[in-house]
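What follows is a single structure, written as structure tokens, with notes after it.
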Amino acid sequence: MADDPTPVLAPSPASAPTRFVTPTIDPDVLESWTSYVQRFENDEAFIQGQIEQSVMVTTFDRLIKMVDGVYNWGRRSSIWPLQFGLACCAIEMISTAASRFDIDRFGAGLFRPSPRQADLMIVSGTVTKKMVPQIVRLWNQMPEPRYCLSMGACATGGGPFKEGYNVVSGIDQFIPVDIYVPGCPPTPQALLHGLIALQRKIDGQSIKNVSWYGRDPLPEVPVPVLGPDLVDLRQLPDIQARAAELGALSPEELAAMQAGAGGAAAGTEGGISAVMAERLAIWRERVASKG
Amino acid sequence: MTKQTDVVAAPAPADVVAAVHKQLGERVTVDDGGALVVGPSNLIDVVRALRDDHGLDYLANLTAVDWLDRFEVVYHLCSSAGGAPIVLKTTTDRANPRVPSLFGIYPGADFQEREVYDMFGIRFAGHPNLKRILMWEGFAGWPLRKDWREAYFEQEHKPLTSRWPDGQFFFGEDKLTDWGSNTKLPPAYTGAEIGRPKPQEGQYVVDIDALRRGTSFGSDRLVVNMGPQHPSTHGVFQMRLVLDGETVVDLEPVMGYMHRNHEKIGERNLWLGNMPFTDRLDYIAQLGSEWGYALCVERMMGLEVPERAEYIRVIMAELNRIQSHFWSIGFLLNDLGAFFTPSLYAIEEREIVLDLFEMATGSRLMCNYMRFGGVAYDLPDAFMPLVNVLVNERMERAIDEIDAYLTNNEIVMERMKGVGVLTPELAIAYSTSGPVLRGSGVAYDVRRADPYGIYDRFDWNVVTANEGDVYARYAVRIGEMRESLKILRQALPQMPAGEILGGKKAWQVRVPAGEHYARVENPRGELGYYCVSDGKANPYRYHVRSPCFVNLTSLAEMCKGYKVADVVAILGSIDIVLGEVDR
Ligand code: SF4
């Protein structure tokens, strides 16, 4: 049997032909062979069994998990933070990067001066109104996957300076934050703990549902504008509605503005552009669905 | 190279005031507090006489007070030879506040006047570039006016009755504002300007036409923005450079990206409640900042500080100075391109100092250690042996190490010598202080010029260097670390036992009505606190004269004619801390 060159997949009939004799195909064999082939077309359980026997024992989910393991290990072990210090907390961030606490042990020691090369934005200090447009812009420039770590009381909620007229009550009003590290300033140990927490978060992600492999890219965060005070563009429709109520805008003007048709060149001047309105809608949905 | 000089004492401010009064007759009056009062129309003449005839060549501080019926602009003038400052005041009405600018007499008034304009809306006639400095152009309101209220305004003064005594708590964004955020828009604001090009006024530092004209070689000039997100600007600081090729033609610092409303919050706080905020001014020299504020309030209250507390303060402040200079030298080298390695060596000792701070005060950075009349806690038992080892063995070696590797290093000398030169005359005129002033050969150190604490008991020298360049500032810092070490070596064995806090502990102090300007020599220069009390539980006016902020006035002068890469080194040699620049 072992030397039989005939490609017979089914069990061989009892009367095996002698060596070197051209075999004639037994109709029974032909029959079983055909039905065997047909089963590949129809019987899923059979296929599964065959594949498991002979190819590789895995499922799609298991396969993804294996890829995730390698992929996440790679990402978590080389988080490149943005070299970006805001206030006193930045001093502790530098101390963390220095030799005593050595953030490099966790693979996060390569501070990049350019947002294009960074994975992690450590918002280390007080977020002021004058600075927040720049922070949002930097965030928009960071390619995904990107993470935001809010370091200290100020970045988290305004901290000791919350009541100040130039202080934003936390960076999470504009940027989605992954990890909050409490403290004023957080000690280097606390920052490292935050980093480890971020690594755990990365470990829990899967390429199946991460946003950067999704069909639609995440919308940019609208960069706030410095007007008479900080103007959050997501609030602009409400602001205009209030102005309309107060009589500063006629209802038509308001409608025109909100449709992005106000001003001389529609879409760019006066009011919000159509693109921006769309972005706002997407953003709102995301925020609402997040709960 | 560096030399060590003694400062001669100048005449007492009361004598100067009397002499001025005699010379200028009825153009000036003297108020109860001993301040000279002059009308805005006479201001320029009087100030010129003060500078030229009475040797008051240094404008230490310039600020304003809102008295609700009038604005008072306050100047503190002193002599670069030393001595306490004299106070000059002028008033202007609130409806149309206008005061002549001192820019022509003291160029150091530049940023300080802009700050007063930004915060109070007082216009300085004759100022060449009067626009907002900390807030942005177009911000609605003059924040430090007493009748201006921020979005989260709840009550004029703390403690807030909503929180105390019952301890209710709510989030400001839920209760206090329209938009659920810390913003306050005028009611009829429509946002119509968004998306339109911004108005040109105040937008550009430079004369755009001059740019177009180009240079004699027909090359175009270029405006380059450095910052606010830039690895070499030591935080969120922006410089607008006008370049001709690679040469700096003009430069304007743009700041306020970290303006945290220190003064407005300070005027709502209780007196003692400001202490932790002072830590967050210069967060690399936190204890020096606290000392300045404590000193100001103590002098206003007439408090005595016990011996032991004085010694603890000196020890803490000098340790702080050393670690701060280590930090700035490390990062100066960072700016020169020696990426992070020198910094790593420089902040090695700093970590030990921070450990000592943590041991004594409970925190590495935000110590909150000084109190009016002393310090909060006594030193723990383990502190002294450790600090002795540090001061007598480790520090010296660390300074020597830095000195050996850097001071005669060819690259360091090449990059730093002859770069960013500031002459002594200009250094004084621009009101610079600290290593910048002493690096220009002016032996002016507040510890010697206007002594406070117990510095007169120790044997130490004011370190100066004559070249006025980046290298000289570096050399002054190295010299100052050695002098601080000398002070520490004297102070540690002398330290007596005893009380650490005069009077009884109180969370609320009453400060008698009056005003005072107290200054200390922080690692970055003359840090001053100007407080006005109306006898209530909160400061009526609380102003911080920040050395970094004023030192930056001279940045453009130092950078002109040098290359872009030198600008980074020059900025590093001024050693700014943004928390203090923007406050
Ligand atoms: S949390 Fe504290 S230490 Fe950090 S930036 Fe704010 S005030 Fe400074």
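Every chain in the structure tokens has a letter given in the order shown (A, B, ...), and although residue numbers restart at 1 in each chain, ligands are simply numbered from 1 in the order shown.
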Apply DSSP to the structure's backbone, then extract all residues of range 243-305 of chain B labelled helix (DSSP H, G or I) and return them as an MDAnalysis selection string.
-> chainID B and resid 262:268 272:279 286:301
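Inside range 25-150 of chain A, the residues DSSP reads as strand (DSSP E or B) when given the backbone are Pro81, Leu82, Arg112, Leu120, Met121, Ile122, Val123, Ser124, Thr128, Tyr147, Cys148, Leu149 and Ser150 of chain A.
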Could you please select, counting only C-alpha atoms, the residues of chain B within 6 Å of chain A and state them as a list in words?
-> Gly138, Phe139, Ala140, Glu150, Tyr152, Leu185, Ala188, Thr190, Ala192, Gly195, Arg196, Gly235, Tyr257, Asn261, Tyr283 and Leu344 of chain B
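Considering the residues B:Glu515, B:Glu580, B:Gly561, B:Asn96 and counting only C-alpha atoms and all ligand atoms, ligand 1 has its shortest atom-to-atom contact with B:Glu580.
Distances from A:Gly49, A:Gly159, A:Gly107, A:Pro81 to ligand 1 were compared using only C-alpha atoms and all ligand atoms, and the smallest one belongs to A:Gly159.
Distances here use only C-alpha atoms and all ligand atoms; by that measure, the residue among A:Phe174, A:Trp33, A:Trp139, A:Tyr180 closest to ligand 1 is A:Tyr180.
Among the candidate residues B:Leu59, B:Val412, B:Met366, B:Leu68, the one lying nearest to ligand 1 is B:Met366, with distances computed using only C-alpha atoms and all ligand atoms.
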Quick one: pull the distance between CA of Gln117 in chain A and CA of Pro342 in chain B, Å, one decimal.
-> 24.8 Å
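With distances taken over only C-alpha atoms and all ligand atoms, B:Leu578 is the one residue among B:Leu77, B:Leu578, B:Leu160, B:Val224 lying closest to ligand 1.
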Residue contacts of range 45-47 of chain B (8 Å, only C-alpha atoms) excluding same-chain residues fewer than 5 positions away, as a ChimeraX atom specification = /B:24,27-28,38,105
Convert the current residue selection to file output with all heavy atoms, as a short mmCIF file (atom, residue, chain, number, x, y, z; two decimals), in the first residue's frame.
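Final output, saved to out.cif:
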```cif
data_model
loop_
_atom_site.label_atom_id
_atom_site.label_comp_id
_atom_site.auth_asym_id
_atom_site.auth_seq_id
_atom_site.Cartn_x
_atom_site.Cartn_y
_atom_site.Cartn_z
N LEU B 24 13.19 118.83 44.52
CA LEU B 24 12.12 118.99 43.55
C LEU B 24 10.92 119.77 44.08
O LEU B 24 9.97 120.04 43.35
CB LEU B 24 11.65 117.61 43.07
CG LEU B 24 12.72 116.83 42.31
CD1 LEU B 24 12.32 115.40 42.13
CD2 LEU B 24 13.02 117.47 40.96
N ARG B 27 6.75 119.58 43.46
CA ARG B 27 6.38 118.62 42.42
C ARG B 27 6.19 117.21 42.99
O ARG B 27 5.51 116.39 42.42
CB ARG B 27 7.44 118.60 41.32
CG ARG B 27 7.19 119.71 40.30
CD ARG B 27 8.06 119.52 39.10
NE ARG B 27 9.44 119.89 39.40
CZ ARG B 27 10.46 119.66 38.58
NH1 ARG B 27 10.24 119.04 37.44
NH2 ARG B 27 11.67 120.04 38.89
N VAL B 28 6.84 116.96 44.11
CA VAL B 28 6.61 115.66 44.76
C VAL B 28 6.11 115.89 46.18
O VAL B 28 6.45 116.89 46.82
CB VAL B 28 7.89 114.80 44.83
CG1 VAL B 28 8.34 114.39 43.46
CG2 VAL B 28 8.98 115.53 45.56
N VAL B 38 3.83 111.60 43.00
CA VAL B 38 4.05 112.58 41.95
C VAL B 38 2.90 112.47 40.95
O VAL B 38 2.35 111.38 40.73
CB VAL B 38 5.44 112.36 41.29
CG1 VAL B 38 5.59 110.94 40.83
CG2 VAL B 38 5.67 113.30 40.15
N ILE B 105 13.55 105.99 30.01
CA ILE B 105 14.51 106.18 31.09
C ILE B 105 15.04 104.83 31.58
O ILE B 105 16.24 104.65 31.74
CB ILE B 105 13.85 106.93 32.26
CG1 ILE B 105 13.25 108.23 31.73
CG2 ILE B 105 14.85 107.21 33.35
CD1 ILE B 105 12.45 108.98 32.75
#
```
Which residues, written as an mmCIF file with all heavy atoms, in the first residue's frame, have at least one atom at most 10 Å from Lys131 in chain B, with only C-alpha atoms counted and residues fewer than 2 positions away on the same chain left out?
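selection-v2.cif, freshly written:
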```
data_model
loop_
_atom_site.group_PDB
_atom_site.id
_atom_site.type_symbol
_atom_site.label_atom_id
_atom_site.label_comp_id
_atom_site.auth_asym_id
_atom_site.auth_seq_id
_atom_site.Cartn_x
_atom_site.Cartn_y
_atom_site.Cartn_z
ATOM 1 N N PHE B 111 8.483 95.314 29.712
ATOM 2 C CA PHE B 111 7.517 94.238 29.946
ATOM 3 C C PHE B 111 6.639 94.531 31.142
ATOM 4 O O PHE B 111 5.489 94.130 31.195
ATOM 5 C CB PHE B 111 8.247 92.908 30.155
ATOM 6 C CG PHE B 111 8.808 92.327 28.901
ATOM 7 C CD1 PHE B 111 8.699 93.002 27.700
ATOM 8 C CD2 PHE B 111 9.431 91.097 28.916
ATOM 9 C CE1 PHE B 111 9.214 92.470 26.537
ATOM 10 C CE2 PHE B 111 9.944 90.543 27.760
ATOM 11 C CZ PHE B 111 9.843 91.234 26.577
ATOM 12 N N GLU B 113 5.513 97.360 32.194
ATOM 13 C CA GLU B 113 4.412 98.253 31.818
ATOM 14 C C GLU B 113 3.385 97.506 30.977
ATOM 15 O O GLU B 113 2.178 97.705 31.125
ATOM 16 C CB GLU B 113 4.950 99.469 31.056
ATOM 17 C CG GLU B 113 5.573 100.491 31.987
ATOM 18 C CD GLU B 113 6.125 101.706 31.264
ATOM 19 O OE1 GLU B 113 6.179 101.701 30.025
ATOM 20 O OE2 GLU B 113 6.519 102.650 31.963
ATOM 21 N N ARG B 114 3.882 96.657 30.100
ATOM 22 C CA ARG B 114 2.935 95.888 29.302
ATOM 23 C C ARG B 114 2.081 94.995 30.183
ATOM 24 O O ARG B 114 0.901 94.780 29.930
ATOM 25 C CB ARG B 114 3.682 95.034 28.269
ATOM 26 C CG ARG B 114 4.043 95.797 27.030
ATOM 27 C CD ARG B 114 4.844 94.952 26.077
ATOM 28 N NE ARG B 114 4.068 93.837 25.538
ATOM 29 C CZ ARG B 114 4.604 92.864 24.809
ATOM 30 N NH1 ARG B 114 5.888 92.867 24.533
ATOM 31 N NH2 ARG B 114 3.858 91.900 24.353
ATOM 32 N N GLU B 115 2.705 94.477 31.221
ATOM 33 C CA GLU B 115 1.930 93.627 32.127
ATOM 34 C C GLU B 115 0.846 94.441 32.842
ATOM 35 O O GLU B 115 -0.299 93.994 32.968
ATOM 36 C CB GLU B 115 2.863 92.977 33.151
ATOM 37 C CG GLU B 115 2.158 91.962 34.006
ATOM 38 C CD GLU B 115 2.915 91.617 35.261
ATOM 39 O OE1 GLU B 115 4.117 91.930 35.341
ATOM 40 O OE2 GLU B 115 2.308 91.042 36.166
ATOM 41 N N TYR B 117 -0.522 97.118 31.755
ATOM 42 C CA TYR B 117 -1.546 97.415 30.752
ATOM 43 C C TYR B 117 -2.457 96.205 30.565
ATOM 44 O O TYR B 117 -3.689 96.320 30.515
ATOM 45 C CB TYR B 117 -0.873 97.785 29.425
ATOM 46 C CG TYR B 117 -1.809 97.756 28.251
ATOM 47 C CD1 TYR B 117 -2.841 98.690 28.154
ATOM 48 C CD2 TYR B 117 -1.701 96.786 27.263
ATOM 49 C CE1 TYR B 117 -3.732 98.656 27.089
ATOM 50 C CE2 TYR B 117 -2.578 96.748 26.204
ATOM 51 C CZ TYR B 117 -3.588 97.675 26.120
ATOM 52 O OH TYR B 117 -4.463 97.627 25.083
ATOM 53 N N ASP B 118 -1.852 95.049 30.496
ATOM 54 C CA ASP B 118 -2.618 93.827 30.271
ATOM 55 C C ASP B 118 -3.593 93.562 31.411
ATOM 56 O O ASP B 118 -4.734 93.173 31.202
ATOM 57 C CB ASP B 118 -1.617 92.666 30.124
ATOM 58 C CG ASP B 118 -2.270 91.385 29.673
ATOM 59 O OD1 ASP B 118 -3.495 91.381 29.484
ATOM 60 O OD2 ASP B 118 -1.559 90.390 29.496
ATOM 61 N N GLY B 121 -5.382 97.634 32.241
ATOM 62 C CA GLY B 121 -5.842 98.510 31.173
ATOM 63 C C GLY B 121 -5.319 99.925 31.294
ATOM 64 O O GLY B 121 -5.877 100.842 30.699
ATOM 65 N N ARG B 123 -2.957 102.724 30.183
ATOM 66 C CA ARG B 123 -2.154 102.964 28.988
ATOM 67 C C ARG B 123 -0.912 103.762 29.348
ATOM 68 O O ARG B 123 -0.993 104.723 30.107
ATOM 69 C CB ARG B 123 -2.968 103.723 27.939
ATOM 70 C CG ARG B 123 -4.230 103.006 27.522
ATOM 71 C CD ARG B 123 -4.722 103.518 26.188
ATOM 72 N NE ARG B 123 -3.841 103.092 25.113
ATOM 73 C CZ ARG B 123 -3.988 101.954 24.444
ATOM 74 N NH1 ARG B 123 -4.990 101.178 24.712
ATOM 75 N NH2 ARG B 123 -3.141 101.629 23.499
ATOM 76 N N HIS B 127 4.994 104.324 25.200
ATOM 77 C CA HIS B 127 5.544 102.971 25.137
ATOM 78 C C HIS B 127 5.534 102.509 23.683
ATOM 79 O O HIS B 127 4.510 102.614 23.008
ATOM 80 C CB HIS B 127 4.723 102.031 26.011
ATOM 81 C CG HIS B 127 5.367 100.703 26.220
ATOM 82 N ND1 HIS B 127 5.471 99.777 25.218
ATOM 83 C CD2 HIS B 127 5.958 100.152 27.313
ATOM 84 C CE1 HIS B 127 6.099 98.711 25.681
ATOM 85 N NE2 HIS B 127 6.403 98.911 26.954
ATOM 86 N N PRO B 128 6.644 101.997 23.186
ATOM 87 C CA PRO B 128 6.710 101.686 21.756
ATOM 88 C C PRO B 128 5.895 100.467 21.334
ATOM 89 O O PRO B 128 5.586 100.320 20.164
ATOM 90 C CB PRO B 128 8.206 101.423 21.526
ATOM 91 C CG PRO B 128 8.732 101.030 22.857
ATOM 92 C CD PRO B 128 7.910 101.732 23.882
ATOM 93 N N ASN B 129 5.577 99.602 22.229
ATOM 94 C CA ASN B 129 4.968 98.335 21.811
ATOM 95 C C ASN B 129 3.942 97.909 22.844
ATOM 96 O O ASN B 129 4.014 96.831 23.406
ATOM 97 C CB ASN B 129 6.077 97.280 21.659
ATOM 98 C CG ASN B 129 5.571 95.996 21.076
ATOM 99 O OD1 ASN B 129 4.531 95.968 20.420
ATOM 100 N ND2 ASN B 129 6.284 94.919 21.332
ATOM 101 N N ILE B 133 0.463 91.179 27.140
ATOM 102 C CA ILE B 133 1.651 90.328 27.195
ATOM 103 C C ILE B 133 1.332 88.952 27.753
ATOM 104 O O ILE B 133 1.838 87.957 27.260
ATOM 105 C CB ILE B 133 2.779 91.025 27.979
ATOM 106 C CG1 ILE B 133 4.068 90.226 27.897
ATOM 107 C CG2 ILE B 133 2.417 91.279 29.416
ATOM 108 C CD1 ILE B 133 5.269 91.008 28.287
ATOM 109 N N LEU B 134 0.487 88.891 28.760
ATOM 110 C CA LEU B 134 0.202 87.580 29.344
ATOM 111 C C LEU B 134 -1.067 86.975 28.761
ATOM 112 O O LEU B 134 -1.110 85.793 28.444
ATOM 113 C CB LEU B 134 0.080 87.694 30.867
ATOM 114 C CG LEU B 134 1.362 88.127 31.573
ATOM 115 C CD1 LEU B 134 1.149 88.217 33.068
ATOM 116 C CD2 LEU B 134 2.498 87.177 31.292
ATOM 117 N N MET B 135 -2.096 87.792 28.621
ATOM 118 C CA MET B 135 -3.299 87.310 27.944
ATOM 119 C C MET B 135 -3.122 87.585 26.458
ATOM 120 O O MET B 135 -2.152 88.175 26.032
ATOM 121 C CB MET B 135 -4.533 88.012 28.480
ATOM 122 C CG MET B 135 -4.747 87.814 29.961
ATOM 123 S SD MET B 135 -4.842 86.098 30.446
ATOM 124 C CE MET B 135 -6.476 85.670 29.898
ATOM 125 N N TRP B 136 -4.105 87.145 25.684
ATOM 126 C CA TRP B 136 -3.983 87.366 24.247
ATOM 127 C C TRP B 136 -4.717 88.631 23.860
ATOM 128 O O TRP B 136 -5.618 89.094 24.562
ATOM 129 C CB TRP B 136 -4.534 86.172 23.488
ATOM 130 C CG TRP B 136 -5.979 85.887 23.747
ATOM 131 C CD1 TRP B 136 -7.049 86.370 23.057
ATOM 132 C CD2 TRP B 136 -6.526 85.075 24.790
ATOM 133 N NE1 TRP B 136 -8.218 85.895 23.592
ATOM 134 C CE2 TRP B 136 -7.936 85.107 24.651
ATOM 135 C CE3 TRP B 136 -5.971 84.316 25.827
ATOM 136 C CZ2 TRP B 136 -8.783 84.411 25.515
ATOM 137 C CZ3 TRP B 136 -6.829 83.642 26.678
ATOM 138 C CH2 TRP B 136 -8.207 83.688 26.523
ATOM 139 N N GLU B 137 -4.297 89.165 22.742
ATOM 140 C CA GLU B 137 -4.918 90.357 22.187
ATOM 141 C C GLU B 137 -6.383 90.026 21.876
ATOM 142 O O GLU B 137 -6.671 89.039 21.200
ATOM 143 C CB GLU B 137 -4.150 90.709 20.911
ATOM 144 C CG GLU B 137 -4.093 92.152 20.535
ATOM 145 C CD GLU B 137 -3.507 93.051 21.600
ATOM 146 O OE1 GLU B 137 -2.425 92.755 22.160
ATOM 147 O OE2 GLU B 137 -4.138 94.078 21.851
ATOM 148 N N GLU B 201 -3.417 94.285 13.640
ATOM 149 C CA GLU B 201 -2.817 95.079 14.697
ATOM 150 C C GLU B 201 -2.423 94.176 15.870
ATOM 151 O O GLU B 201 -3.205 93.358 16.320
ATOM 152 C CB GLU B 201 -3.819 96.127 15.185
ATOM 153 C CG GLU B 201 -3.189 97.216 15.983
ATOM 154 C CD GLU B 201 -4.080 97.649 17.136
ATOM 155 O OE1 GLU B 201 -5.292 97.419 17.088
ATOM 156 O OE2 GLU B 201 -3.527 98.208 18.073
ATOM 157 N N GLY B 202 -1.228 94.345 16.311
ATOM 158 C CA GLY B 202 -0.773 93.563 17.442
ATOM 159 C C GLY B 202 -0.386 92.142 17.081
ATOM 160 O O GLY B 202 0.046 91.379 17.904
ATOM 161 N N GLN B 203 -0.561 91.770 15.844
ATOM 162 C CA GLN B 203 -0.279 90.404 15.454
ATOM 163 C C GLN B 203 1.197 90.216 15.142
ATOM 164 O O GLN B 203 1.767 89.186 15.434
ATOM 165 C CB GLN B 203 -1.085 90.062 14.210
ATOM 166 C CG GLN B 203 -2.486 89.661 14.535
ATOM 167 C CD GLN B 203 -2.514 88.327 15.247
ATOM 168 O OE1 GLN B 203 -2.028 87.350 14.730
ATOM 169 N NE2 GLN B 203 -3.033 88.293 16.445
#
```
For each of A:Asn209, A:Thr96, A:Thr156, A:Asn140, take the minimum atom-to-atom distance to ligand 1, counting only C-alpha atoms and all ligand atoms, then give the residue where this is smallest.
-> A:Thr156
Grab the CA of Pro435 in chain B to CA of Glu557 in chain B distance for me, in Å with one decimal place.
-> 16.6 Å
At a cut-off of 10 Å, can you tabulate as JSON lines every residue of chain B near ligand 1 together with its closest atom pair and the distance in Å to one decimal, using only C-alpha atoms and all ligand atoms and ordering rows by chain then number?
```
{"residue": "B:Met258", "atom": "CA", "partner": "ligand 1", "partner_atom_place_in_ligand_line": "5 (S)", "distance": 9.7}
{"residue": "B:Arg260", "atom": "CA", "partner": "ligand 1", "partner_atom_place_in_ligand_line": "7 (S)", "distance": 9.3}
{"residue": "B:Pro276", "atom": "CA", "partner": "ligand 1", "partner_atom_place_in_ligand_line": "7 (S)", "distance": 9.4}
{"residue": "B:Phe277", "atom": "CA", "partner": "ligand 1", "partner_atom_place_in_ligand_line": "7 (S)", "distance": 8.0}
{"residue": "B:Asp279", "atom": "CA", "partner": "ligand 1", "partner_atom_place_in_ligand_line": "7 (S)", "distance": 8.8}
{"residue": "B:Arg280", "atom": "CA", "partner": "ligand 1", "partner_atom_place_in_ligand_line": "8 (Fe)", "distance": 5.9}
{"residue": "B:Leu281", "atom": "CA", "partner": "ligand 1", "partner_atom_place_in_ligand_line": "8 (Fe)", "distance": 9.0}
{"residue": "B:Tyr283", "atom": "CA", "partner": "ligand 1", "partner_atom_place_in_ligand_line": "8 (Fe)", "distance": 7.9}
{"residue": "B:Leu365", "atom": "CA", "partner": "ligand 1", "partner_atom_place_in_ligand_line": "3 (S)", "distance": 7.8}
{"residue": "B:Met366", "atom": "CA", "partner": "ligand 1", "partner_atom_place_in_ligand_line": "3 (S)", "distance": 7.1}
{"residue": "B:Gly579", "atom": "CA", "partner": "ligand 1", "partner_atom_place_in_ligand_line": "8 (Fe)", "distance": 8.5}
```
Need to verify the contact set: Pro100 in chain B, 7 Å, only C-alpha atoms, exclusion of same-chain residues closer than 5 positions in sequence. Can you return it as a compact mmCIF listing (two decimals) with C-alpha atoms, in the first residue's frame?
```
# COMPACT_ATOMS: atom_id res chain seq x y z
CA PRO B 40 1.57 111.85 35.99
CA PHE B 124 1.46 104.04 29.08
CA ALA B 125 1.92 106.98 26.78
CA GLY B 126 5.09 106.70 24.79
```
